[in-house]
Amino acid sequence: MEQKLTQATAQALAPETEGLEQTRPRRVYRPLADIYETDSGIVLSLEMPGVPADGVEVTLEKRVLTIRGRAGVKRPETYRQIYAEYGEGDYERSFTLSADIDAERINAVCRHGVLTLELPKAEEAKPRQINVRAA
Amino acid sequence: MAFASTWHPDFDPFSDVRRLHNQIDRLLGRQASTAAGAFPAVNLWAGPDSIAVTAELPGVAPDDVEVSVREDVLTIRGSRAAATISEPVGWHRRERSHGHFQRLVQLPFRVAPDRVEARVTNGVLAVELHRPEQDKPRRIEIKS
């Protein structure tokens, strides 16, 4: 009896303790990324094949940038899978940014299944030359 | 990827193992480990007298993909352009690859080359191929 109760409680708590629970029975993959930094900002490109532009969600909270992509997979009903090398699903990945970003000027473009994000550095975060005077 | 000569659409003893292996790779953020890291990774779908091949081609424009078919072999080739960066930069991650690719996919049957449809949507290539009319199994009427 006691054991049963414990199991039931564990099951009920599991989704919450694991954080986000998916409402769709989909796998979530980590998209491959290229990230580089220039003087003016950071550019990210993430591979999310199957994700349309309106399926992308980008959030920036403090310094944590989170990218989510929902693949718009339409599967013809007359077909059944006979061989698989890749799985279909959604994408999610988070990054902690090293510099302060001007959230207002983030530019995002999704083309051919690749999301490109341009994150301009905030004015105060840009390196500034300090003139040193001789006393 | 190779199909045995006794290929039957309902029998592939290793498909589950292979799928699991790929899914583990993908969940760990590694690129799908196909035969020799072959790109692009493909999925095959069987329909009534037709077969569909889907492949992930992120970052490839539809004009940069060439699809051809001969007998029962589908060839996908093209190139992935590298990002053009003019400024000096510092790289934080370089996980994506680029350059030319070619992949030959053995199909379970001969296909009609004039009935091939290919399209690229959001970086996913989908090719639909049909069995030629004369190769379709025919029902034989039995006379009494």
# chains A, B, ... in the order shown; residues from 1 in each chain; ligands from 1
$ closest_atom_pairs --of "chain A" --to "chain B" --cutoff "8 Å" --atoms "only C-alpha atoms" --output "Markdown table"
| residue | atom | partner | partner_atom | distance |
| --- | --- | --- | --- | --- |
| A:Val28 | CA | B:Leu27 | CA | 7.5 |
| A:Tyr29 | CA | B:Leu27 | CA | 5.6 |
| A:Arg30 | CA | B:Gly29 | CA | 5.2 |
| A:Pro31 | CA | B:Gly29 | CA | 7.0 |
| A:Leu32 | CA | B:Glu95 | CA | 5.7 |
| A:Ala33 | CA | B:Glu95 | CA | 5.5 |
| A:Asp34 | CA | B:Arg94 | CA | 4.6 |
| A:Ile35 | CA | B:Arg93 | CA | 4.8 |
| A:Tyr36 | CA | B:Trp91 | CA | 4.3 |
| A:Glu37 | CA | B:Gly90 | CA | 5.2 |
| A:Thr38 | CA | B:Val89 | CA | 5.0 |
| A:Asp39 | CA | B:Val89 | CA | 7.9 |
| A:Glu47 | CA | B:Pro58 | CA | 5.8 |
| A:Met48 | CA | B:Pro58 | CA | 6.7 |
| A:Pro49 | CA | B:Gly123 | CA | 4.8 |
| A:Gly50 | CA | B:Asn122 | CA | 5.0 |
| A:Val51 | CA | B:Asn122 | CA | 6.0 |
| A:Pro52 | CA | B:Asn122 | CA | 5.8 |
| A:Thr78 | CA | B:Gly47 | CA | 5.6 |
| A:Tyr79 | CA | B:Gly47 | CA | 4.4 |
| A:Arg80 | CA | B:Trp45 | CA | 5.3 |
| A:Gln81 | CA | B:Trp45 | CA | 4.3 |
| A:Ile82 | CA | B:Trp45 | CA | 5.4 |
| A:Tyr83 | CA | B:Leu44 | CA | 4.9 |
| A:Ala84 | CA | B:Asn43 | CA | 4.4 |
| A:Glu85 | CA | B:Ala41 | CA | 5.5 |
| A:Tyr86 | CA | B:Ala41 | CA | 6.1 |
| A:Gly87 | CA | B:Gln23 | CA | 6.4 |
| A:Arg111 | CA | B:Asn122 | CA | 6.8 |
| A:His112 | CA | B:Gly123 | CA | 4.2 |
| A:Gly113 | CA | B:Gly123 | CA | 4.3 |
| A:Val114 | CA | B:Gly59 | CA | 5.4 |
$ residues_around --residues "A:Asp90" --least-positions-apart "6" --cutoff "7 Å" --atoms "only C-alpha atoms" --output "PDB file with C-alpha atoms, in the first residue's frame"
ATOM      1  CA  ARG A  26       7.552  14.960 -29.992  1.00  0.00           C
ATOM      2  CA  ARG A  27      11.268  14.546 -29.530  1.00  0.00           C
ATOM      3  CA  VAL A  28      13.284  17.635 -28.850  1.00  0.00           C
ATOM      4  CA  TYR A  29      16.669  17.916 -30.501  1.00  0.00           C
ATOM      5  CA  GLY A  69      11.755  25.580 -33.132  1.00  0.00           C
ATOM      6  CA  ARG A  70       8.608  23.649 -33.890  1.00  0.00           C
ATOM      7  CA  ALA A  71       8.895  21.514 -36.991  1.00  0.00           C
TER       8      ALA A  71
END
$ select_by_dssp --residues "stretch 21-133 of chain B" --states "helix (DSSP H, G or I)" --output "number ranges by chain"
B: 21-27, 62-64, 133
$ residues_around --residues "B:Glu71" --least-positions-apart "6" --cutoff "8 Å" --atoms "only C-alpha atoms" --output "NGL selection string"
:B and (110-113)
$ atom_distance --atom1 "atom CA of A:Asp102" --atom2 "atom CA of A:Glu61"
11.6 Å
$ closest_residue --among "B:Ala38, B:Leu129, B:Gln134, B:Ser86" --to "B:Leu74" --atoms "only C-alpha atoms"
B:Leu129
$ residues_around --residues "A:Arg105" --least-positions-apart "6" --cutoff "10 Å" --atoms "only C-alpha atoms" --output "list in words"
Glu118, Leu119, Pro120, Lys121 and Ala122 of chain A
$ write_last_selection --atoms "C-alpha atoms" --output "CSV table (one decimal), in the first residue's frame"
chain,number,residue,atom,x,y,z
A,118,GLU,CA,22.2,38.9,-35.1
A,119,LEU,CA,22.6,40.1,-31.6
A,120,PRO,CA,24.0,43.7,-31.5
A,121,LYS,CA,26.0,44.5,-28.4
A,122,ALA,CA,24.5,47.1,-26.1
